[in-house]
Amino acid sequence: MKNTVKVTIFHQGADSKYTKAVYDHCFWDEDQAQAIKKSGLSSVDSLYVSIPYTTVQSLDITKGKDYIIKGETDIIYDNTSQSTQSASLKDLKASHNVFTLNSISLKNHGSRKLWHWELSGK
């Protein structure tokens with residue numbers, strides 16, 4: 001596994017405001033797919049990201065509310081009001097493939113060099 005990617009996570013805080021954090025030396029694996037259901041096509045996109053523990057020792061996410069993109073962005077999330085937050089998310093989605101994070105797990109077995117955070121999203 002090659003950890004060669006930067007990722008940007010927009011973390012939602014307790015005050016519902018978003019902060020941007022960039023993490024380096026990550027592994028990114030995404031699957032873009034669709035499923036055929038009775039009601040029509042449905043997106044079943046999925047994401048797996050590994051962030052080395054050496055990059056960040058404490059990582060919290062708000063499941064279903066934090067967003068992640070591959071790479072870095074100049075977009076600044078405007079937390080002035082709910083409508084500016086919505087506009088910021090719309091701008092982000094217009095220029096990047098945005099995933100919503102839904103799980104996080106610290107994998108701290110083996111040598112400390114192998115420790116990492118596993119994140120998944122859709």
# chains A, B, ... in the order shown; residues from 1 in each chain; ligands from 1
>>> select_by_dssp(residues="chain A", states="helix (DSSP H, G or I)", output="ChimeraX atom specification")
/A:82-95,112-114
>>> select_by_dssp(residues="chain A", states="strand (DSSP E)", output="PyMOL selection string")
chain A and resi 5-12+18-31+34-37+40-43+46-52+67-70+99-107+116-121
>>> closest_atom_pairs(of="stretch 61-95 of chain A", to="stretch 100-115 of chain A", cutoff="6 Å", atoms="only C-alpha atoms", output="Markdown table")
| residue | atom | partner | partner_atom | distance |
| --- | --- | --- | --- | --- |
| A:Lys63 | CA | A:Asn102 | CA | 4.6 |
| A:Gly64 | CA | A:Asn102 | CA | 5.1 |
| A:Asp66 | CA | A:Leu101 | CA | 5.6 |
| A:Tyr67 | CA | A:Thr100 | CA | 4.6 |
>>> residues_around(residues="stretch 50-58 of chain A", least_positions_apart="3", cutoff="7 Å", atoms="only C-alpha atoms", output="list in words")
Tyr23, Asp24, Cys26, Phe27, Trp28, Trp115, His116, Trp117, Glu118 and Leu119 of chain A
>>> residues_around(residues="A:Asp78", least_positions_apart="4", cutoff="7 Å", atoms="only C-alpha atoms", output="PyMOL selection string")
chain A and resi 84-85+88
